[in-house]
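Raw contents of entry.cif, mmCIF, C-alpha atoms:
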```
data_data
loop_
_atom_site.group_PDB
_atom_site.id
_atom_site.type_symbol
_atom_site.label_atom_id
_atom_site.label_comp_id
_atom_site.auth_asym_id
_atom_site.auth_seq_id
_atom_site.Cartn_x
_atom_site.Cartn_y
_atom_site.Cartn_z
ATOM 1 C CA MET A 891 73.794 81.385 78.310
ATOM 2 C CA LYS A 892 73.962 77.803 79.533
ATOM 3 C CA ASN A 893 77.301 76.160 78.765
ATOM 4 C CA LYS A 894 75.788 72.831 77.699
ATOM 5 C CA THR A 895 74.189 74.542 74.686
ATOM 6 C CA LEU A 896 77.500 76.033 73.531
ATOM 7 C CA PRO A 897 79.722 74.589 70.806
ATOM 8 C CA ALA A 898 82.476 72.451 72.325
ATOM 9 C CA GLU A 899 85.275 74.809 71.229
ATOM 10 C CA VAL A 900 83.561 77.688 73.061
ATOM 11 C CA ALA A 901 82.640 75.654 76.142
ATOM 12 C CA ARG A 902 86.319 74.637 76.550
ATOM 13 C CA ARG A 903 87.209 78.286 77.117
ATOM 14 C CA ILE A 904 84.853 78.697 80.062
ATOM 15 C CA PRO A 905 86.275 77.680 83.462
ATOM 16 C CA PRO A 906 84.346 75.397 85.833
ATOM 17 C CA GLY A 907 81.399 77.047 87.568
ATOM 18 C CA GLN A 908 81.193 79.909 85.057
ATOM 19 C CA PHE A 909 78.491 80.856 82.531
ATOM 20 C CA LEU A 910 78.900 82.784 79.287
ATOM 21 C CA THR A 911 77.527 86.307 79.012
ATOM 22 C CA GLN A 912 77.544 88.857 76.201
ATOM 23 C CA LYS A 913 77.150 91.694 78.721
ATOM 24 C CA PHE A 914 79.964 93.422 80.596
ATOM 25 C CA PRO A 915 78.502 93.622 84.112
ATOM 26 C CA VAL A 916 79.575 96.420 86.414
ATOM 27 C CA LEU A 917 80.628 95.165 89.838
ATOM 28 C CA THR A 918 82.285 97.631 92.170
ATOM 29 C CA TYR A 919 82.582 98.015 95.912
ATOM 30 C CA GLY A 920 82.120 101.685 96.732
ATOM 31 C CA SER A 921 81.676 104.707 94.531
ATOM 32 C CA THR A 922 83.114 105.176 91.050
ATOM 33 C CA PRO A 923 86.095 107.546 91.010
ATOM 34 C CA LYS A 924 86.004 110.257 88.346
ATOM 35 C CA ILE A 925 89.548 110.888 87.142
ATOM 36 C CA LYS A 926 90.530 113.111 84.239
ATOM 37 C CA THR A 927 93.410 111.913 82.075
ATOM 38 C CA GLU A 928 95.374 115.099 82.846
ATOM 39 C CA ASP A 929 95.119 114.285 86.582
ATOM 40 C CA TRP A 930 95.832 110.549 86.294
ATOM 41 C CA ARG A 931 99.145 109.276 87.667
ATOM 42 C CA LEU A 932 100.684 105.823 88.026
ATOM 43 C CA GLN A 933 103.100 105.645 90.946
ATOM 44 C CA ILE A 934 105.624 102.801 90.835
ATOM 45 C CA PHE A 935 107.309 102.267 94.182
ATOM 46 C CA GLY A 936 108.529 99.796 96.790
ATOM 47 C CA ALA A 937 111.315 97.348 95.903
ATOM 48 C CA VAL A 938 112.535 99.326 92.879
ATOM 49 C CA ALA A 939 115.848 101.170 92.390
ATOM 50 C CA SER A 940 114.006 104.492 92.245
ATOM 51 C CA GLU A 941 110.363 105.433 92.395
ATOM 52 C CA VAL A 942 108.704 106.542 89.154
ATOM 53 C CA THR A 943 105.489 108.448 88.515
ATOM 54 C CA LEU A 944 104.009 108.137 85.023
ATOM 55 C CA THR A 945 101.519 110.649 83.666
ATOM 56 C CA TRP A 946 98.880 109.938 81.037
ATOM 57 C CA ASP A 947 101.144 111.483 78.381
ATOM 58 C CA ASP A 948 104.047 109.298 79.541
ATOM 59 C CA LEU A 949 101.924 106.192 79.129
ATOM 60 C CA MET A 950 100.548 107.295 75.760
ATOM 61 C CA SER A 951 104.104 107.777 74.482
ATOM 62 C CA LEU A 952 104.769 104.047 74.977
ATOM 63 C CA PRO A 953 103.870 101.491 72.282
ATOM 64 C CA GLN A 954 100.130 100.771 72.175
ATOM 65 C CA ILE A 955 98.618 97.338 71.505
ATOM 66 C CA GLU A 956 95.304 95.591 71.170
ATOM 67 C CA LEU A 957 94.969 92.243 72.874
ATOM 68 C CA LYS A 958 92.087 89.777 72.634
ATOM 69 C CA THR A 959 91.413 87.846 75.844
ATOM 70 C CA ASP A 960 88.694 86.071 77.777
ATOM 71 C CA PHE A 961 87.588 87.588 81.091
ATOM 72 C CA HIS A 962 86.208 85.662 84.072
ATOM 73 C CA CYS A 963 84.507 87.126 87.131
ATOM 74 C CA VAL A 964 84.398 85.417 90.521
ATOM 75 C CA THR A 965 80.604 85.978 90.488
ATOM 76 C CA THR A 966 80.502 83.218 87.816
ATOM 77 C CA TRP A 967 80.187 85.108 84.523
ATOM 78 C CA SER A 968 82.673 84.862 81.680
ATOM 79 C CA GLN A 969 82.936 87.053 78.613
ATOM 80 C CA LEU A 970 84.962 85.814 75.654
ATOM 81 C CA ASP A 971 86.981 87.646 73.013
ATOM 82 C CA ASN A 972 87.351 91.006 74.747
ATOM 83 C CA VAL A 973 89.581 93.327 72.744
ATOM 84 C CA TRP A 974 91.536 95.533 75.121
ATOM 85 C CA LYS A 975 93.598 98.527 74.019
ATOM 86 C CA GLY A 976 96.453 99.863 76.053
ATOM 87 C CA VAL A 977 100.095 99.432 76.973
ATOM 88 C CA HIS A 978 101.630 96.016 77.582
ATOM 89 C CA ILE A 979 102.857 95.713 81.162
ATOM 90 C CA ARG A 980 106.372 94.926 79.950
ATOM 91 C CA GLU A 981 106.593 98.378 78.338
ATOM 92 C CA VAL A 982 105.882 99.841 81.772
ATOM 93 C CA LEU A 983 108.339 97.502 83.491
ATOM 94 C CA LYS A 984 111.085 98.688 81.109
ATOM 95 C CA GLN A 985 110.725 102.122 82.726
ATOM 96 C CA ILE A 986 111.947 100.852 86.117
ATOM 97 C CA LYS A 987 114.605 98.679 87.721
ATOM 98 C CA ILE A 988 112.944 96.077 89.927
ATOM 99 C CA LEU A 989 115.152 95.010 92.816
ATOM 100 C CA PRO A 990 116.034 91.296 92.985
ATOM 101 C CA GLU A 991 114.165 90.851 96.276
ATOM 102 C CA ALA A 992 110.839 91.913 94.714
ATOM 103 C CA CYS A 993 108.650 88.814 94.382
ATOM 104 C CA TYR A 994 105.141 90.310 94.708
ATOM 105 C CA VAL A 995 103.172 93.312 93.521
ATOM 106 C CA MET A 996 100.279 95.223 95.039
ATOM 107 C CA ALA A 997 98.110 97.082 92.532
ATOM 108 C CA HIS A 998 96.663 100.271 93.997
ATOM 109 C CA ALA A 999 93.622 102.103 92.666
ATOM 110 C CA TYR A 1000 92.018 105.484 93.064
ATOM 111 C CA GLY A 1001 89.436 105.104 95.822
ATOM 112 C CA GLY A 1002 91.718 102.927 97.978
ATOM 113 C CA TYR A 1003 91.202 99.503 96.344
ATOM 114 C CA THR A 1004 94.177 97.122 96.307
ATOM 115 C CA THR A 1005 94.878 93.643 94.962
ATOM 116 C CA ASN A 1006 98.009 91.515 95.232
ATOM 117 C CA MET A 1007 99.797 89.065 92.942
ATOM 118 C CA PRO A 1008 103.155 87.371 92.473
ATOM 119 C CA LEU A 1009 105.484 89.323 90.175
ATOM 120 C CA GLU A 1010 105.359 86.566 87.546
ATOM 121 C CA VAL A 1011 101.564 86.967 87.313
ATOM 122 C CA LEU A 1012 101.976 90.665 86.512
ATOM 123 C CA ASP A 1013 104.907 90.092 84.146
ATOM 124 C CA ASP A 1014 103.006 87.875 81.694
ATOM 125 C CA ASP A 1015 102.370 87.870 77.941
ATOM 126 C CA ASP A 1016 98.726 88.954 78.182
ATOM 127 C CA VAL A 1017 98.815 91.607 80.925
ATOM 128 C CA LEU A 1018 98.289 95.237 80.033
ATOM 129 C CA LEU A 1019 97.234 98.620 81.276
ATOM 130 C CA ALA A 1020 94.032 99.177 79.344
ATOM 131 C CA TYR A 1021 92.112 102.321 78.502
ATOM 132 C CA GLY A 1022 89.975 100.813 75.740
ATOM 133 C CA HIS A 1023 87.579 97.892 75.457
ATOM 134 C CA ASN A 1024 86.020 96.537 72.253
ATOM 135 C CA GLY A 1025 86.797 99.627 70.192
ATOM 136 C CA GLU A 1026 85.682 102.228 72.736
ATOM 137 C CA CYS A 1027 87.230 104.040 75.688
ATOM 138 C CA LEU A 1028 86.580 102.399 79.014
ATOM 139 C CA THR A 1029 83.673 103.919 80.869
ATOM 140 C CA PRO A 1030 84.301 105.240 84.386
ATOM 141 C CA GLU A 1031 82.337 102.248 85.763
ATOM 142 C CA HIS A 1032 84.787 99.872 84.044
ATOM 143 C CA GLY A 1033 87.902 101.680 85.205
ATOM 144 C CA PHE A 1034 88.490 104.769 83.051
ATOM 145 C CA PRO A 1035 91.003 106.141 82.576
ATOM 146 C CA MET A 1036 93.164 103.056 83.179
ATOM 147 C CA ARG A 1037 92.702 99.563 84.486
ATOM 148 C CA LEU A 1038 95.013 96.646 84.899
ATOM 149 C CA VAL A 1039 93.962 93.592 82.870
ATOM 150 C CA ILE A 1040 95.142 90.172 84.073
ATOM 151 C CA PRO A 1041 93.038 87.717 82.029
ATOM 152 C CA LYS A 1042 94.380 84.491 83.580
ATOM 153 C CA LYS A 1043 92.977 85.469 86.987
ATOM 154 C CA TYR A 1044 89.491 86.272 88.227
ATOM 155 C CA ALA A 1045 88.553 89.829 87.314
ATOM 156 C CA TRP A 1046 89.048 91.358 90.779
ATOM 157 C CA LYS A 1047 92.800 91.102 90.086
ATOM 158 C CA SER A 1048 92.261 93.425 87.075
ATOM 159 C CA ALA A 1049 92.141 96.543 89.232
ATOM 160 C CA LYS A 1050 90.021 99.389 87.896
ATOM 161 C CA TRP A 1051 91.224 103.022 88.216
ATOM 162 C CA LEU A 1052 94.830 101.895 88.544
ATOM 163 C CA SER A 1053 96.997 104.423 90.389
ATOM 164 C CA GLY A 1054 100.017 102.469 91.591
ATOM 165 C CA LEU A 1055 102.160 99.375 91.420
ATOM 166 C CA GLU A 1056 103.981 98.562 94.649
ATOM 167 C CA PHE A 1057 106.760 95.975 94.353
ATOM 168 C CA MET A 1058 107.150 93.927 97.530
ATOM 169 C CA GLN A 1059 109.468 91.336 99.082
ATOM 170 C CA GLN A 1060 106.633 89.639 100.978
ATOM 171 C CA ASP A 1061 103.079 88.969 99.858
ATOM 172 C CA ARG A 1062 100.204 90.642 101.651
ATOM 173 C CA PRO A 1063 96.486 90.553 100.893
ATOM 174 C CA GLY A 1064 94.664 93.285 99.018
ATOM 175 C CA PHE A 1065 91.100 94.472 99.641
ATOM 176 C CA TRP A 1066 89.086 91.417 98.529
ATOM 177 C CA GLU A 1067 91.790 89.020 99.669
ATOM 178 C CA ARG A 1068 91.461 90.436 103.226
ATOM 179 C CA ASN A 1069 87.721 89.875 102.934
ATOM 180 C CA GLY A 1070 87.726 86.182 102.114
ATOM 181 C CA TYR A 1071 88.769 85.960 98.462
ATOM 182 C CA SER A 1072 91.568 83.707 97.230
ATOM 183 C CA MET A 1073 95.098 85.063 97.075
ATOM 184 C CA SER A 1074 95.761 83.218 93.798
ATOM 185 C CA ALA A 1075 92.376 83.620 92.003
ATOM 186 C CA ASP A 1076 92.850 80.948 89.321
ATOM 187 C CA PRO A 1077 89.490 80.497 87.538
ATOM 188 C CA TRP A 1078 90.476 77.087 86.132
ATOM 189 C CA ARG A 1079 90.914 75.793 89.699
ATOM 190 C CA GLU A 1080 87.875 77.717 91.015
ATOM 191 C CA GLU A 1081 90.097 79.523 93.524
ATOM 192 C CA ARG A 1082 87.356 81.940 94.519
ATOM 193 C CA TYR A 1083 87.562 82.154 98.310
ATOM 194 C CA TRP A 1084 89.767 81.107 101.240
#
```

As structure tokens, what does this structure read like?
Amino acid sequence: MKNKTLPAEVARRIPPGQFLTQKFPVLTYGSTPKIKTEDWRLQIFGAVASEVTLTWDDLMSLPQIELKTDFHCVTTWSQLDNVWKGVHIREVLKQIKILPEACYVMAHAYGGYTTNMPLEVLDDDDVLLAYGHNGECLTPEHGFPMRLVIPKKYAWKSAKWLSGLEFMQQDRPGFWERNGYSMSADPWREERYW
């Protein structure tokens, strides 16, 4: 949908260079992992006092929320008013002691995908580990059983098939960042590529 035909209050929510879509496109490099909830694990490691591994049941025992956010892909589409269901990242962070030297995080995914971010990007009001989208479970193509959702960044930072959070002293690039994508990924500044 062309942005110039949108109501002003909707158009204001779409970053520069983006167009509005009602679809939820599937964009993935490589094959789609098939992970059962009973096999899913989230490993939390690196600059933490002790490593933690959360199971699906561990995560489901934490408070659950629904969060409405906009979602912007580096390939120029934006989808507004997504309702994600899952666990707020701060509920997960309460389960660990992050060491003072930790300033960055690498999200790891089943299949080997990684993406990096500063700790303050992860520890934000609208970041969650999501297993539901718009009233339904995520499909495997969209990250089932669990994906990270970081709405303020381009969607490649919202790692599908999340399997780990590595806390780091120094930043290092993840998969797409090593292949020419921006380290910061701010859609409002069009930080798409190097």

### Task
Report the residues retrieved by the PyMOL selection byres ((chain A and resi 1038) around 6) from the displayed file, expressed as a list in words.
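Applied to this file, the PyMOL selection byres ((chain A and resi 1038) around 6) selects Leu1019, Arg1037, Val1039, Ser1048 and Ala1049 of chain A.
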
### Task
Any chance you could resolve the PyMOL selection byres ((chain A and resi 909) around 12) against this file and give the residues as a list of chain:residue names?
A:Met891, A:Lys892, A:Asn893, A:Lys894, A:Thr895, A:Leu896, A:Val900, A:Ala901, A:Arg902, A:Arg903, A:Ile904, A:Pro905, A:Pro906, A:Gly907, A:Gln908, A:Leu910, A:Thr911, A:Gln912, A:Lys913, A:Phe961, A:His962, A:Cys963, A:Val964, A:Thr965, A:Thr966, A:Trp967, A:Ser968, A:Gln969, A:Leu970

### Hits from the PyMOL selection byres ((chain A and resi 1055) around 8), listed as a PyMOL selection string
chain A and resi 932-935+995-998+1053-1054+1056-1057

### Query
CA of Lys1042 in chain A and CA of Asp1014 in chain A, how far apart in Å?
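Separation of CA of Asp1014 in chain A and CA of Lys1042 in chain A: 9.5 Å.
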
### CA of Trp1078 in chain A to CA of Lys1043 in chain A, distance in Å rounded to a single decimal
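If I compute the distance from CA of Trp1078 in chain A to CA of Lys1043 in chain A, I get 8.8 Å.
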
### Query
Please, what distance in Å, to one decimal, runs between CA of Leu1009 in chain A and CA of Lys924 in chain A?
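Distance between the two atoms: 28.7 Å.
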
### Query
Which of these, A:Phe914, A:Tyr1003, A:Tyr1044, A:Trp930, has the shortest distance to Arg1068 in chain A once you count only C-alpha atoms?
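Closest to Arg1068 in chain A of all the choices is A:Tyr1003.
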
### Query
Given the choices A:Met1058, A:Ala898, A:Leu917, A:Val977, which gets closest to His1032 in chain A if the distance is worked out from only C-alpha atoms?
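The answer is A:Leu917, which sits nearest to His1032 in chain A.
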
### Query
Between A:Asp1013, A:Ala937, A:Ile925, A:Gly1025, which has the minimum distance to Tyr1000 in chain A (counting all atoms listed in the file)?
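Smallest separation from Tyr1000 in chain A among the options: A:Ile925.
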